[in-house]
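Notes follow the structure.
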Amino acid sequence: KTEFAYTEEGRNRRAFNLVRVTICFNEEIALLRSKIWKSLGVLRTKKDYKDIVNDILSEIHFNGLDEKDSIAYLQSDFDTIFAEIIKKDGIDFFDARIIDRYREVAGQINSPIDERYLVSENNHDFRLYRILSREHLLGRTIKEDEEIRKTNISAEFDSYSLQDYMNLFKTCNFLQDTIGERNLWSLSRGLDIVFELLEVKPYFYVDVIEEYFKSNAPFRLNGYRQVGFLLSNIGYYKTYNILNGAEYREKDTWLSLIWECINDHDITDAVVSDYSTFSEKNLVGNNPILPSVTLLLRYGERDNELKNRILNRIVEKANLSATFLRYAYREDDIKNILDLFKNDYDTLSQIYTKALENIDHLDYGGKLFIKIFEQRPSIWKDYVDWVKNHSRRDGYEQKIFDQIWDTEKWQECINYAYAVIVDDDMAFFIEHPARLLFGRAEQESDVVKNRKQQWLLDSIHENYADVDKCSRLIDVVVNVMPHWKLDYILEYLKDNKNVEDFRKIHLFPMSASWSGSEVPLILDKIEFLQNLKENMKGVAYIEHREYVDEYRRSLEEYKRKVELREYLEEADYA
């Protein structure tokens with residue numbers, strides 16, 4: 001490290017200082033770092049420490065330094081590492097990678113680059129790694145990077161024989177087992193380009209891809225392009241035989257692409273039968289590959305038993321249900337889902353409910369839910385029961401609740417939802433569930449607004465004698481519709497004039513947050529209490545007015561304490 005930072009407490013709890021110290025380059029620091037590198041070099045010879053030390057050697061950061069000191073650090077470090085750690089007589093992949101990392105950083109900070117920085121090319125595995133990867137330089141666009149990579153790959157592989165490709169795949173397997181997951185995508189894209197360039201030699205392409213699968217299919221290739229090319233050039237049966245003729249990584253994934261990529265006019269009864277056999281075996285495995293909704297539509301029309309068997313398997317497991325509906329927020333996908341289940345909404349309802357157990361984000365706008373609800377209203381109870389225990393407060397449940405108010409069955413739905421997630425003896429903090437049911441949507445119609453207010457009015461008139469229920473109803477309004485709480489509390493007082501019951505209700509939210517001064521919030525409360533008192537007229541409310549006046553005076557006293565505290569804190573901070 002060339003810098004470190006820490007925080008120290010200021011003169012009051014609202015202030016702190018951030019301190020950053022940089023370590024400038026000098027001979028003593030260079031000597032110390034040289035000793036550290038040599039010690040790490042010794043540890044690197046031990047198997048248990050080699051990977052850790054390689055990671056340390058590859059992480060080059062000169063934070064907080066100017067260009068001059070950065071160059072001095074890099075040159076000093078590299079001199080020691082190259083002289084004491086790198087094996088010049090037989091540079092392996094890891095040595096080459098470390099050297100190239102220093103070359104890359106040297107170019108970024110304008111440090112001189114000599115012949116030592118170029119010896120990484122002497123390692124064959126690393127040279128292929130560099131060719132397949134995409135190196136980004138400042139000033140170049142991603143498109144330009146890709147064009148350079150494609151040119152380099154074309155120049156390297158243009159004259160390759162089949163044996164050369166077999167050796168390439170051995171290197172790819174080595175790289176897959178060696179480099180971090182973070183770098184695999186770039187290498188996979190590089191190998192994709194290799195196969196794209198081979199498409200001008202279709203017969204040779206087939207020979208090469210056969211060897212690819214025999215070599216354990218390294219990296220995660222596009223797949224769709226390769227399988228589509230095989231189907232177009234050698235047909236279904238030869239493609240199936242090539243992909244099924246060896247054991248390799250992700251074999252079932254590759255095989256499943258055959259039935260996705262094949263053209264509709266090429267699907268015969270034999271193709272459907274093969275897919276049926278594959279899916280039956282695949283779905284009982286540990287890592288099942290689910291068909292997409294589109295794929296199930298395609299083959300379900302030809303084999304209804306196949307469709308039902310797959311759907312029954314999906315219903316059994318939450319993770320399969322979640323995977324199956326992972327694109328349920330897109331219009332085209334929702335249409336396909338509804339087409340697939342047009343005669344079986346019960347199964348769709350079960351899959352939707354099951355999927356909720358396993359996925360964070362499902363049906364973002366609630367569009368699929370409402371379509372299911374229109375055909376199977378019973379899903380509402382299942383959904384509300386799930387929300388009670390699993391609500392993630394990410395806004396997606398809110399959109400479904402908002403839409404329920406617009407349906408014909410809104411009243412019975414809200415009755416059930418309120419009873420389950422708000423009017424529950426164990427629900428101490430009701431702000432979130434209250435907002436789910438009664439929060440204002442982005443584009444709320446007057447009809448919905450009136451329905452919400454009417455439901456709350458009807459409920460408080462029905463339950464006026466039950467102070468616990470009324471307290472919760474008033475809490476809903478206080479937290480979610482504060483602009484309406486004065487009228488709502490006065491409505492309650494028309495039915496229940498018992499002052500002891502009145503003292504039990506909350507006139508304000510149980511918690512609050514603010515930025516800056518708390519005083520404006522206190523003034524709002526005082527103003528509300530004054531308005532409430534003025535609107536409680538008549539002898540029936542004498543004790544109520546006394547209670548409100550007492551409450552107001554306590555707030556005014558609290559306001560004076562807050563003003564003093566904030567003044568003292570501000571003076572101390574200054």
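All residue names refer to the structure tokens as shown: chains lettered A, B, ... in order, residues numbered from 1 in each chain, ligands numbered from 1 in order.
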Give the helix (DSSP H, G or I) residues of range 199-364 of chain A, as DSSP finds them on the backbone, and put them as JSON, numbers by chain.
{"A": [202, 203, 204, 205, 206, 207, 208, 209, 210, 211, 212, 213, 214, 224, 225, 226, 227, 228, 229, 230, 231, 232, 233, 234, 235, 236, 237, 238, 239, 240, 241, 242, 243, 244, 251, 252, 253, 254, 255, 256, 257, 258, 259, 260, 261, 264, 265, 266, 269, 270, 271, 272, 273, 274, 275, 276, 277, 278, 279, 280, 281, 282, 293, 294, 295, 296, 297, 298, 299, 300, 304, 305, 306, 307, 308, 309, 310, 311, 312, 313, 314, 315, 316, 318, 319, 320, 321, 322, 323, 324, 331, 332, 333, 334, 335, 336, 337, 338, 339, 340, 345, 346, 347, 348, 349, 350, 351, 352, 353, 354, 355]}
Which residues are near Leu356 in chain A? Cut-off 9 Å, only C-alpha atoms, ignore same chain within fewer than 3 positions. Put them as a list in words.
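These residues fall inside the cut-off: Ala318, Ser321, Ala322, Ile351, Tyr352, Thr353, Ile359, Asp360, His361, Leu362, Tyr383, Trp386 and His390 of chain A.
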I need the chosen residues saved as a short mmCIF file (atom, residue, chain, number, x, y, z; two decimals), in the first residue's frame, with N, CA, C and O atoms.
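The new file result.cif reads:
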data_model
loop_
_atom_site.label_atom_id
_atom_site.label_comp_id
_atom_site.auth_asym_id
_atom_site.auth_seq_id
_atom_site.Cartn_x
_atom_site.Cartn_y
_atom_site.Cartn_z
N ALA A 318 -40.13 -25.04 -5.76
CA ALA A 318 -40.16 -23.58 -5.83
C ALA A 318 -39.08 -23.03 -6.75
O ALA A 318 -39.32 -22.06 -7.48
N SER A 321 -40.20 -23.37 -10.35
CA SER A 321 -41.28 -22.41 -10.64
C SER A 321 -40.71 -21.01 -10.83
O SER A 321 -41.12 -20.28 -11.74
N ALA A 322 -39.76 -20.63 -9.97
CA ALA A 322 -39.15 -19.29 -10.07
C ALA A 322 -38.38 -19.15 -11.37
O ALA A 322 -38.45 -18.11 -12.04
N ILE A 351 -47.98 -22.45 -9.79
CA ILE A 351 -46.59 -22.14 -10.13
C ILE A 351 -46.23 -20.74 -9.67
O ILE A 351 -45.14 -20.51 -9.12
N TYR A 352 -47.12 -19.78 -9.86
CA TYR A 352 -46.86 -18.40 -9.44
C TYR A 352 -46.65 -18.33 -7.93
O TYR A 352 -45.69 -17.72 -7.45
N THR A 353 -47.55 -18.97 -7.19
CA THR A 353 -47.45 -18.95 -5.73
C THR A 353 -46.18 -19.64 -5.25
O THR A 353 -45.50 -19.18 -4.33
N ILE A 359 -37.86 -16.49 -5.22
CA ILE A 359 -37.32 -15.44 -6.09
C ILE A 359 -37.56 -14.07 -5.47
O ILE A 359 -38.60 -13.81 -4.86
N ASP A 360 -36.56 -13.19 -5.59
CA ASP A 360 -36.67 -11.84 -5.03
C ASP A 360 -37.59 -10.95 -5.86
O ASP A 360 -38.37 -10.18 -5.33
N HIS A 361 -37.46 -11.05 -7.17
CA HIS A 361 -38.20 -10.14 -8.04
C HIS A 361 -38.97 -10.96 -9.08
O HIS A 361 -38.39 -11.57 -9.96
N LEU A 362 -40.26 -10.96 -8.95
CA LEU A 362 -41.12 -11.70 -9.86
C LEU A 362 -42.27 -10.80 -10.28
O LEU A 362 -42.88 -10.14 -9.43
N TYR A 383 -51.53 -15.00 -2.05
CA TYR A 383 -50.56 -13.92 -2.19
C TYR A 383 -50.46 -13.10 -0.90
O TYR A 383 -49.37 -12.78 -0.43
N TRP A 386 -48.57 -14.88 1.73
CA TRP A 386 -47.13 -14.82 1.46
C TRP A 386 -46.57 -13.45 1.85
O TRP A 386 -45.51 -13.36 2.49
N HIS A 390 -43.26 -12.53 4.02
CA HIS A 390 -42.11 -12.43 3.13
C HIS A 390 -41.96 -11.09 2.42
O HIS A 390 -41.11 -10.95 1.56
#
Find the residues near Val105 in chain A: any atom within 10 Å, counting only C-alpha atoms, skip ones fewer than 6 places away on the same chain, and give them as a ChimeraX atom specification.
/A:60-61,70-71,74,111
May I have the selected residues written with all heavy atoms, as a PDB file, in the first residue's frame?
ATOM      1  N   ILE A  60      -1.531  -4.246  -8.468  1.00  0.00           N
ATOM      2  CA  ILE A  60      -0.620  -3.094  -8.482  1.00  0.00           C
ATOM      3  C   ILE A  60      -1.441  -1.822  -8.329  1.00  0.00           C
ATOM      4  O   ILE A  60      -2.213  -1.457  -9.231  1.00  0.00           O
ATOM      5  CB  ILE A  60       0.188  -3.053  -9.794  1.00  0.00           C
ATOM      6  CG1 ILE A  60       0.890  -4.399 -10.029  1.00  0.00           C
ATOM      7  CG2 ILE A  60       1.199  -1.923  -9.759  1.00  0.00           C
ATOM      8  CD1 ILE A  60       1.484  -4.534 -11.411  1.00  0.00           C
ATOM      9  N   HIS A  61      -1.296  -1.161  -7.172  1.00  0.00           N
ATOM     10  CA  HIS A  61      -2.025   0.083  -6.932  1.00  0.00           C
ATOM     11  C   HIS A  61      -1.091   1.086  -6.259  1.00  0.00           C
ATOM     12  O   HIS A  61      -0.551   0.817  -5.192  1.00  0.00           O
ATOM     13  CB  HIS A  61      -3.232  -0.161  -6.017  1.00  0.00           C
ATOM     14  CG  HIS A  61      -4.218  -1.151  -6.555  1.00  0.00           C
ATOM     15  ND1 HIS A  61      -5.008  -0.890  -7.651  1.00  0.00           N
ATOM     16  CD2 HIS A  61      -4.509  -2.411  -6.169  1.00  0.00           C
ATOM     17  CE1 HIS A  61      -5.760  -1.946  -7.897  1.00  0.00           C
ATOM     18  NE2 HIS A  61      -5.474  -2.887  -7.017  1.00  0.00           N
ATOM     19  N   SER A  70       4.807   7.263  -8.681  1.00  0.00           N
ATOM     20  CA  SER A  70       4.211   6.012  -9.170  1.00  0.00           C
ATOM     21  C   SER A  70       5.202   5.263 -10.052  1.00  0.00           C
ATOM     22  O   SER A  70       5.367   4.040  -9.931  1.00  0.00           O
ATOM     23  CB  SER A  70       2.926   6.305  -9.952  1.00  0.00           C
ATOM     24  OG  SER A  70       1.948   6.885  -9.122  1.00  0.00           O
ATOM     25  N   ILE A  71       5.854   5.986 -10.946  1.00  0.00           N
ATOM     26  CA  ILE A  71       6.855   5.361 -11.834  1.00  0.00           C
ATOM     27  C   ILE A  71       8.021   4.805 -11.016  1.00  0.00           C
ATOM     28  O   ILE A  71       8.505   3.692 -11.259  1.00  0.00           O
ATOM     29  CB  ILE A  71       7.354   6.373 -12.882  1.00  0.00           C
ATOM     30  CG1 ILE A  71       6.213   6.712 -13.863  1.00  0.00           C
ATOM     31  CG2 ILE A  71       8.557   5.825 -13.637  1.00  0.00           C
ATOM     32  CD1 ILE A  71       6.554   7.837 -14.827  1.00  0.00           C
ATOM     33  N   LEU A  74       6.904   1.592  -9.304  1.00  0.00           N
ATOM     34  CA  LEU A  74       6.747   0.480 -10.241  1.00  0.00           C
ATOM     35  C   LEU A  74       8.102  -0.058 -10.684  1.00  0.00           C
ATOM     36  O   LEU A  74       8.325  -1.278 -10.689  1.00  0.00           O
ATOM     37  CB  LEU A  74       5.916   0.916 -11.451  1.00  0.00           C
ATOM     38  CG  LEU A  74       5.635  -0.197 -12.466  1.00  0.00           C
ATOM     39  CD1 LEU A  74       4.192  -0.163 -12.930  1.00  0.00           C
ATOM     40  CD2 LEU A  74       6.556  -0.100 -13.685  1.00  0.00           C
ATOM     41  N   SER A 111       5.449   4.861 -17.766  1.00  0.00           N
ATOM     42  CA  SER A 111       6.752   4.386 -17.299  1.00  0.00           C
ATOM     43  C   SER A 111       7.495   3.721 -18.457  1.00  0.00           C
ATOM     44  O   SER A 111       6.868   3.059 -19.295  1.00  0.00           O
ATOM     45  CB  SER A 111       6.557   3.382 -16.155  1.00  0.00           C
ATOM     46  OG  SER A 111       7.809   2.872 -15.725  1.00  0.00           O
TER      47      SER A 111
END
Pick out the residues sitting within 9 Å of range 525-528 of chain A, and hand them over as a list in words; count only C-alpha atoms, and ignore anything fewer than 6 positions along from it in its own chain.
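Near range 525-528 of chain A, the qualifying residues are Leu486, Leu507, Phe508, Tyr551, Arg552, Arg553, Leu555 and Glu556 of chain A.
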Length of the CA of Val420 in chain A to CA of Phe324 in chain A vector [Å]:
29.0 Å
Hey, what's within 9 Å of Leu340 in chain A if we count only C-alpha atoms and toss same-chain stuff fewer than 5 positions away? As a ChimeraX atom specification, please?
/A:293-294,296-297,300,335
For Leu187 in chain A, which of A:Tyr396, A:Tyr160, A:Phe126, A:Tyr205 is the closest residue, counting only C-alpha atoms?
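Checking each candidate against Leu187 in chain A, we get A:Phe126 as the closest.
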